[in-house]
Every structure is written in C-alpha cells, then in structure tokens.
$ cat model07.cif   # mmCIF, C-alpha atoms
data_work
loop_
_atom_site.label_atom_id
_atom_site.label_comp_id
_atom_site.auth_asym_id
_atom_site.auth_seq_id
_atom_site.Cartn_x
_atom_site.Cartn_y
_atom_site.Cartn_z
CA MET A 577 108.49 112.92 98.20
CA CYS A 578 108.83 112.83 102.00
CA GLU A 579 106.34 111.09 104.22
CA SER A 580 103.97 113.29 106.16
CA SER A 581 104.45 113.54 109.89
CA ILE A 582 101.24 111.57 110.50
CA GLN A 583 102.33 108.72 108.20
CA TYR A 584 105.72 108.65 109.90
CA LYS A 585 104.21 108.52 113.40
CA THR A 586 101.60 105.93 112.40
CA LYS A 587 104.16 103.65 110.78
CA ASN A 588 106.54 103.86 113.73
CA MET A 589 103.78 103.46 116.31
CA SER A 590 102.59 100.35 114.46
CA LYS A 591 106.11 98.88 114.59
CA VAL A 592 106.46 99.63 118.31
CA LEU A 593 103.05 98.10 119.10
CA LEU A 594 103.87 95.01 117.04
CA ALA A 595 107.21 94.68 118.86
CA ILE A 596 105.47 94.98 122.24
CA PHE A 597 102.95 92.33 121.14
CA PHE A 598 105.77 89.98 120.07
CA LEU A 599 107.57 90.48 123.40
CA ALA A 600 104.39 90.03 125.44
CA PHE A 601 103.33 86.93 123.48
CA GLY A 602 106.79 85.37 123.86
CA CYS A 603 106.78 86.09 127.60
CA MET A 604 103.26 84.69 127.92
CA ILE A 605 104.39 81.43 126.28
CA TYR A 606 107.32 81.22 128.70
CA LEU A 607 105.14 81.94 131.73
CA LEU A 608 102.38 79.52 130.80
CA PHE A 609 104.22 76.59 129.29
CA ARG A 610 107.87 76.54 130.40
CA SER A 611 109.66 75.42 133.54
CA LYS A 612 109.55 77.74 136.54
CA SER A 613 113.35 77.80 136.68
CA ILE A 614 113.44 80.52 134.00
CA ASN A 615 114.29 84.02 135.27
CA ILE A 616 111.00 85.53 134.13
CA TYR A 617 109.26 83.80 137.08
CA GLN A 618 111.54 85.60 139.53
CA TRP A 619 110.72 88.89 137.81
CA CYS A 620 107.00 88.18 138.18
CA SER A 621 107.52 87.40 141.85
CA VAL A 622 109.30 90.72 142.39
CA LEU A 623 106.41 92.49 140.61
CA GLY A 624 103.84 90.68 142.77
CA LEU A 625 102.40 88.73 139.84
CA SER A 626 103.10 85.19 141.08
CA ASN A 627 99.47 84.43 142.02
CA LEU A 628 98.20 85.67 138.67
CA VAL A 629 100.78 83.57 136.79
CA GLU A 630 99.93 80.47 138.86
CA HIS A 631 96.22 80.94 138.17
CA ALA A 632 96.88 81.28 134.43
CA ARG A 633 99.12 78.18 134.47
CA ASP A 634 96.34 76.20 136.20
CA ILE A 635 93.90 77.19 133.44
CA VAL A 636 96.16 75.98 130.61
CA ARG A 637 97.73 73.01 132.44
CA GLU A 638 95.93 70.43 130.27
CA TRP A 639 96.60 72.16 126.94
CA LYS A 640 98.74 70.19 124.52
CA VAL A 641 101.07 72.84 123.12
CA PRO A 642 103.55 71.75 120.42
CA ASP A 643 107.23 71.88 121.36
CA PHE A 644 107.81 74.37 118.53
CA ILE A 645 105.55 76.89 120.30
CA ARG A 646 106.91 76.15 123.79
CA PHE A 647 110.60 76.18 122.97
CA SER A 648 111.33 77.88 119.64
CA LEU A 649 108.66 80.46 118.83
CA PRO A 650 109.37 82.83 121.76
CA ASP A 651 112.99 83.34 120.69
CA GLY A 652 111.91 84.10 117.12
CA LEU A 653 109.37 86.60 118.47
CA TYR A 654 112.04 88.28 120.60
CA CYS A 655 114.35 88.52 117.58
CA ALA A 656 111.56 90.05 115.48
CA ALA A 657 110.75 92.55 118.23
CA TYR A 658 114.38 93.64 118.41
CA ILE A 659 114.52 94.17 114.65
CA LEU A 660 111.30 96.20 114.70
CA LEU A 661 112.47 98.40 117.56
CA ILE A 662 115.90 99.10 116.09
CA ASP A 663 114.32 99.84 112.72
CA THR A 664 111.94 102.27 114.43
CA ILE A 665 114.69 104.02 116.38
CA TRP A 666 116.82 104.37 113.24
CA TYR A 667 113.87 105.07 110.94
CA ASN A 668 114.87 106.24 107.42
CA ASP A 669 118.55 105.86 108.28
CA ARG A 670 120.37 103.76 105.73
CA SER A 671 123.80 103.84 107.35
CA LEU A 672 126.00 100.82 107.83
CA LEU A 673 125.91 101.45 111.59
CA LYS A 674 122.13 100.96 111.67
CA TYR A 675 122.39 97.59 109.93
CA CYS A 676 125.29 96.52 112.15
CA ILE A 677 123.30 97.30 115.29
CA LEU A 678 120.16 95.75 113.81
CA SER A 679 122.02 92.52 113.03
CA ILE A 680 123.58 92.03 116.49
CA VAL A 681 120.81 89.87 117.98
CA PRO A 682 120.07 87.81 114.85
CA VAL A 683 123.76 87.12 114.23
CA ILE A 684 124.44 86.15 117.86
CA THR A 685 121.43 83.84 118.06
CA ILE A 686 122.10 82.17 114.72
CA CYS A 687 125.82 81.73 115.46
CA SER A 688 125.08 80.41 118.94
CA GLU A 689 122.74 77.80 117.53
CA LEU A 690 125.24 76.78 114.86
CA LEU A 691 128.03 76.55 117.46
CA GLN A 692 125.79 74.28 119.56
CA TYR A 693 125.73 71.93 116.59
CA SER A 694 129.52 71.66 116.69
CA ASP A 695 129.57 71.49 120.54
CA LEU A 696 131.55 74.73 120.78
CA VAL A 697 128.70 76.33 122.76
CA ARG A 698 126.75 74.59 125.51
CA GLY A 699 123.23 73.64 124.55
CA THR A 700 121.26 71.43 122.25
CA PHE A 701 121.20 72.28 118.56
CA ASP A 702 117.67 72.51 117.19
CA ILE A 703 116.94 73.17 113.54
CA VAL A 704 113.55 74.67 114.48
CA ASP A 705 115.28 77.17 116.78
CA LEU A 706 117.63 78.05 113.94
CA LEU A 707 114.70 78.62 111.58
CA CYS A 708 112.94 80.81 114.15
CA TYR A 709 116.10 82.90 114.49
CA MET A 710 116.52 83.18 110.71
CA ILE A 711 112.95 84.07 109.71
CA PRO A 712 112.78 87.62 111.19
CA PRO A 713 116.00 88.93 109.56
CA THR A 714 115.16 87.17 106.30
CA PHE A 715 111.71 88.73 106.29
CA TYR A 716 113.22 92.16 107.07
CA ILE A 717 115.78 91.84 104.26
CA GLY A 718 112.98 90.80 101.90
CA ILE A 719 110.96 93.90 102.78
CA LEU A 720 114.02 96.12 102.22
CA PHE A 721 114.61 94.48 98.85
CA ILE A 722 110.99 94.97 97.77
CA LYS A 723 111.07 98.62 98.90
CA HIS A 724 114.28 99.13 96.94
CA LEU A 725 112.72 97.61 93.83
CA CYS A 726 109.60 99.75 94.19
CA ILE A 727 111.62 102.95 94.60
CA ASN A 728 113.80 102.14 91.59
CA PHE A 729 110.78 101.15 89.50
CA LYS A 730 109.00 104.44 90.30
CA ILE A 731 112.10 106.51 89.52
CA LYS A 732 112.67 104.78 86.19
CA ASN A 733 109.03 105.23 85.17
CA LEU A 734 108.77 108.95 85.95
#
$ encode --input "model07.cif" --output "structure tokens"
Amino acid sequence: MCESSIQYKTKNMSKVLLAIFFLAFGCMIYLLFRSKSINIYQWCSVLGLSNLVEHARDIVREWKVPDFIRFSLPDGLYCAAYILLIDTIWYNDRSLLKYCILSIVPVITICSELLQYSDLVRGTFDIVDLLCYMIPPTFYIGILFIKHLCINFKIKNL
C-alpha cells in the first residue's frame, strides 16, 4: 500500500526540519564556543550578525561546556543533517546511486579521521570525533534494517 500524499509530505517535512535543527544547533555551538578563526564568523560578519554573535558569546562566556560538545558534536550533527536531506531528496528510491551519494560525507569524514591516526592527513585523531561521524550512518542503516524486517514480516504474515 502506498503512503498518502499527506503522510509523505509530513514525513519529509519532519526530516527537513530536523536537518535544519541539526545544522543550526551545530552552527550555534561553533559560534558560541569555538575560536573566532573559523569561517562561520566571517559569514556572520558579511550578514551583519557580528554584534548579535558577540552578545551571545558574552552571555555564555562562563559556561563550562565539555570538549565533546565543543569539538565533536557539531560534526556529527552536520553528518546527520546531510543524511536526512539526501534521504528526503531521494525519498522511496532504493537505487545504488542514492546510497552512494548518501554515503559520501560519512565515508569522507570517517576516512579522514582514520587517516589522521596514521598521519596521512593533517590533523589530530580523536576517537570521539570518529564516533560522532559513525553514529549517524549507523543509526540510518539500523532504521533501514528495521524497516526491511517489518516489511518482510508483514508480507510473510498476510
């Protein structure tokens, strides 16, 4: 049975809103708790948001935020947002091309982190970064697997 148009739109809108939330939350962490040398500060300046960002940074200046949140979580959120958006764009498509495109960001980030461990890529290897990169695709694969089991279970029990 096919999904109704309303279910389809609701499901996809939910994914897009969640992706936007993940992106916004990751950017907020960068803006509030990271060094000003990151490009996002230049973008805020161009958009005329520098005063607002400075005011927000002053408010949270004394907060003790764990390194995991400051340095690792945003990248995991960006990875999750990418997966959600690609899955929404290619909704109900089960082609190999969809999964290849969907895996681009997770594979690059995971490989980059692993190559940092072996000093083949500049940077500092961090196991927490690696976990944050691995959780979104693992979660997505788990959902696909559960959906597959549910579909097969329903078909067999008809």
$ atom_distance --input "model07.cif" --atom1 "atom CA of Gln692 of chain A" --atom2 "atom CA of Ser613 of chain A"
21.5 Å
$ resolve_selection --input "model07.cif" --expression "the PyMOL selection byres ((chain A and resi 705) around 8)" --output "PDB file with C-alpha atoms, keeping the file's coordinate frame"
ATOM      1  CA  PHE A 647     110.600  76.180 122.970  1.00  0.00           C
ATOM      2  CA  SER A 648     111.330  77.880 119.640  1.00  0.00           C
ATOM      3  CA  LEU A 649     108.660  80.460 118.830  1.00  0.00           C
ATOM      4  CA  ASP A 651     112.990  83.340 120.690  1.00  0.00           C
ATOM      5  CA  GLY A 652     111.910  84.100 117.120  1.00  0.00           C
ATOM      6  CA  GLU A 689     122.740  77.800 117.530  1.00  0.00           C
ATOM      7  CA  PHE A 701     121.200  72.280 118.560  1.00  0.00           C
ATOM      8  CA  ASP A 702     117.670  72.510 117.190  1.00  0.00           C
ATOM      9  CA  ILE A 703     116.940  73.170 113.540  1.00  0.00           C
ATOM     10  CA  VAL A 704     113.550  74.670 114.480  1.00  0.00           C
ATOM     11  CA  LEU A 706     117.630  78.050 113.940  1.00  0.00           C
ATOM     12  CA  LEU A 707     114.700  78.620 111.580  1.00  0.00           C
ATOM     13  CA  CYS A 708     112.940  80.810 114.150  1.00  0.00           C
ATOM     14  CA  TYR A 709     116.100  82.900 114.490  1.00  0.00           C
TER      15      TYR A 709
END
$ atom_distance --input "model07.cif" --atom1 "atom CA of Thr664 of chain A" --atom2 "atom CA of Ile677 of chain A"
12.4 Å
$ resolve_selection --input "model07.cif" --expression "the PyMOL selection byres ((chain A and resi 584-601) around 8)" --output "NGL selection string"
:A and (579-583 or 602-605 or 650 or 653-654 or 656-658 or 660-661 or 664 or 667)
$ write_last_selection --input "model07.cif" --atoms "C-alpha atoms" --output "PDB file, in the frame of the given file"
ATOM      1  CA  GLU A 579     106.340 111.090 104.220  1.00  0.00           C
ATOM      2  CA  SER A 580     103.970 113.290 106.160  1.00  0.00           C
ATOM      3  CA  SER A 581     104.450 113.540 109.890  1.00  0.00           C
ATOM      4  CA  ILE A 582     101.240 111.570 110.500  1.00  0.00           C
ATOM      5  CA  GLN A 583     102.330 108.720 108.200  1.00  0.00           C
ATOM      6  CA  GLY A 602     106.790  85.370 123.860  1.00  0.00           C
ATOM      7  CA  CYS A 603     106.780  86.090 127.600  1.00  0.00           C
ATOM      8  CA  MET A 604     103.260  84.690 127.920  1.00  0.00           C
ATOM      9  CA  ILE A 605     104.390  81.430 126.280  1.00  0.00           C
ATOM     10  CA  PRO A 650     109.370  82.830 121.760  1.00  0.00           C
ATOM     11  CA  LEU A 653     109.370  86.600 118.470  1.00  0.00           C
ATOM     12  CA  TYR A 654     112.040  88.280 120.600  1.00  0.00           C
ATOM     13  CA  ALA A 656     111.560  90.050 115.480  1.00  0.00           C
ATOM     14  CA  ALA A 657     110.750  92.550 118.230  1.00  0.00           C
ATOM     15  CA  TYR A 658     114.380  93.640 118.410  1.00  0.00           C
ATOM     16  CA  LEU A 660     111.300  96.200 114.700  1.00  0.00           C
ATOM     17  CA  LEU A 661     112.470  98.400 117.560  1.00  0.00           C
ATOM     18  CA  THR A 664     111.940 102.270 114.430  1.00  0.00           C
ATOM     19  CA  TYR A 667     113.870 105.070 110.940  1.00  0.00           C
TER      20      TYR A 667
END
$ atom_distance --input "model07.cif" --atom1 "atom CA of Arg646 of chain A" --atom2 "atom CA of Ile616 of chain A"
14.5 Å
$ closest_residue --input "model07.cif" --among "A:Ile719, A:Leu678, A:Leu690, A:Leu725" --to "Trp666 of chain A" --atoms "all atoms listed in the file"
A:Leu678
$ closest_residue --input "model07.cif" --among "A:Arg633, A:Asp663, A:Phe609, A:Lys674" --to "Ile645 of chain A" --atoms "only C-alpha atoms"
A:Phe609
$ closest_residue --input "model07.cif" --among "A:Arg670, A:His724, A:Arg610, A:His631" --to "Asp643 of chain A" --atoms "only C-alpha atoms"
A:Arg610
$ closest_residue --input "model07.cif" --among "A:Leu720, A:Val697, A:Val636, A:Leu691" --to "Tyr675 of chain A" --atoms "only C-alpha atoms"
A:Leu720
$ closest_residue --input "model07.cif" --among "A:Lys640, A:Thr700, A:Asn627, A:Val622" --to "Ser688 of chain A" --atoms "all atoms listed in the file"
A:Thr700
$ decode --input "model07.cif" --residues "segment 713-727 of chain A" --atoms "all heavy atoms" --output "tab-separated table (two decimals), in the first residue's frame"
chain	number	residue	atom	x	y	z
A	713	PRO	N	25.40	7.45	10.31
A	713	PRO	CA	25.16	6.41	9.30
A	713	PRO	C	24.77	5.07	9.93
A	713	PRO	O	23.96	4.33	9.36
A	713	PRO	CB	26.48	6.30	8.53
A	713	PRO	CG	27.49	6.96	9.38
A	713	PRO	CD	26.78	7.94	10.25
A	714	THR	N	25.30	4.78	11.10
A	714	THR	CA	24.94	3.53	11.77
A	714	THR	C	23.47	3.54	12.16
A	714	THR	O	22.75	2.55	11.98
A	714	THR	CB	25.83	3.32	13.03
A	714	THR	OG1	27.20	3.34	12.63
A	714	THR	CG2	25.50	2.03	13.73
A	715	PHE	N	23.02	4.66	12.68
A	715	PHE	CA	21.61	4.82	13.05
A	715	PHE	C	20.73	4.69	11.80
A	715	PHE	O	19.70	4.02	11.82
A	715	PHE	CB	21.43	6.18	13.73
A	715	PHE	CG	20.11	6.36	14.39
A	715	PHE	CD1	19.84	5.72	15.60
A	715	PHE	CD2	19.14	7.17	13.86
A	715	PHE	CE1	18.63	5.88	16.24
A	715	PHE	CE2	17.92	7.35	14.48
A	715	PHE	CZ	17.66	6.70	15.68
A	716	TYR	N	21.13	5.32	10.71
A	716	TYR	CA	20.37	5.26	9.46
A	716	TYR	C	20.28	3.82	8.94
A	716	TYR	O	19.20	3.35	8.55
A	716	TYR	CB	21.02	6.17	8.41
A	716	TYR	CG	20.30	6.18	7.08
A	716	TYR	CD1	19.12	6.89	6.93
A	716	TYR	CD2	20.79	5.47	6.00
A	716	TYR	CE1	18.45	6.90	5.71
A	716	TYR	CE2	20.13	5.47	4.78
A	716	TYR	CZ	18.96	6.19	4.64
A	716	TYR	OH	18.29	6.20	3.45
A	717	ILE	N	21.40	3.12	8.95
A	717	ILE	CA	21.42	1.72	8.50
A	717	ILE	C	20.52	0.87	9.39
A	717	ILE	O	19.79	0.00	8.92
A	717	ILE	CB	22.86	1.17	8.45
A	717	ILE	CG1	23.63	1.86	7.32
A	717	ILE	CG2	22.88	-0.34	8.28
A	717	ILE	CD1	25.13	1.64	7.37
A	718	GLY	N	20.56	1.14	10.70
A	718	GLY	CA	19.69	0.42	11.63
A	718	GLY	C	18.22	0.63	11.32
A	718	GLY	O	17.42	-0.32	11.35
A	719	ILE	N	17.85	1.85	11.01
A	719	ILE	CA	16.45	2.14	10.66
A	719	ILE	C	16.06	1.42	9.38
A	719	ILE	O	14.97	0.84	9.29
A	719	ILE	CB	16.24	3.67	10.53
A	719	ILE	CG1	16.31	4.33	11.90
A	719	ILE	CG2	14.90	3.98	9.85
A	719	ILE	CD1	16.31	5.83	11.87
A	720	LEU	N	16.94	1.43	8.37
A	720	LEU	CA	16.66	0.71	7.13
A	720	LEU	C	16.47	-0.77	7.38
A	720	LEU	O	15.56	-1.41	6.82
A	720	LEU	CB	17.79	0.92	6.11
A	720	LEU	CG	17.93	2.29	5.49
A	720	LEU	CD1	19.11	2.30	4.52
A	720	LEU	CD2	16.66	2.73	4.80
A	721	PHE	N	17.31	-1.33	8.23
A	721	PHE	CA	17.23	-2.75	8.56
A	721	PHE	C	15.91	-3.08	9.25
A	721	PHE	O	15.24	-4.06	8.90
A	721	PHE	CB	18.43	-3.16	9.43
A	721	PHE	CG	18.47	-4.61	9.76
A	721	PHE	CD1	18.79	-5.55	8.79
A	721	PHE	CD2	18.18	-5.05	11.05
A	721	PHE	CE1	18.83	-6.91	9.09
A	721	PHE	CE2	18.21	-6.40	11.36
A	721	PHE	CZ	18.53	-7.33	10.37
A	722	ILE	N	15.52	-2.26	10.20
A	722	ILE	CA	14.26	-2.48	10.91
A	722	ILE	C	13.07	-2.36	9.96
A	722	ILE	O	12.14	-3.17	10.00
A	722	ILE	CB	14.13	-1.51	12.10
A	722	ILE	CG1	15.15	-1.89	13.18
A	722	ILE	CG2	12.72	-1.50	12.67
A	722	ILE	CD1	15.33	-0.86	14.27
A	723	LYS	N	13.10	-1.34	9.08
A	723	LYS	CA	12.03	-1.20	8.08
A	723	LYS	C	11.95	-2.44	7.20
A	723	LYS	O	10.87	-2.93	6.90
A	723	LYS	CB	12.28	0.03	7.19
A	723	LYS	CG	11.87	1.32	7.79
A	723	LYS	CD	12.10	2.43	6.76
A	723	LYS	CE	11.70	3.77	7.25
A	723	LYS	NZ	11.92	4.82	6.26
A	724	HIS	N	13.11	-2.92	6.77
A	724	HIS	CA	13.16	-4.11	5.92
A	724	HIS	C	12.55	-5.32	6.65
A	724	HIS	O	11.76	-6.07	6.06
A	724	HIS	CB	14.61	-4.39	5.52
A	724	HIS	CG	14.78	-5.60	4.66
A	724	HIS	ND1	14.39	-5.62	3.33
A	724	HIS	CD2	15.26	-6.84	4.94
A	724	HIS	CE1	14.64	-6.82	2.84
A	724	HIS	NE2	15.18	-7.58	3.79
A	725	LEU	N	12.90	-5.49	7.90
A	725	LEU	CA	12.34	-6.59	8.68
A	725	LEU	C	10.83	-6.46	8.84
A	725	LEU	O	10.10	-7.45	8.72
A	725	LEU	CB	12.99	-6.66	10.07
A	725	LEU	CG	14.43	-7.13	10.13
A	725	LEU	CD1	14.94	-7.07	11.57
A	725	LEU	CD2	14.57	-8.55	9.58
A	726	CYS	N	10.37	-5.25	9.09
A	726	CYS	CA	8.92	-5.03	9.25
A	726	CYS	C	8.17	-5.32	7.97
A	726	CYS	O	7.11	-5.95	7.99
A	726	CYS	CB	8.65	-3.59	9.70
A	726	CYS	SG	9.16	-3.26	11.39
A	727	ILE	N	8.71	-4.88	6.84
A	727	ILE	CA	8.06	-5.12	5.55
A	727	ILE	C	8.02	-6.62	5.27
A	727	ILE	O	6.97	-7.16	4.89
A	727	ILE	CB	8.78	-4.37	4.41
A	727	ILE	CG1	8.53	-2.87	4.56
A	727	ILE	CG2	8.33	-4.86	3.05
A	727	ILE	CD1	9.40	-2.01	3.66
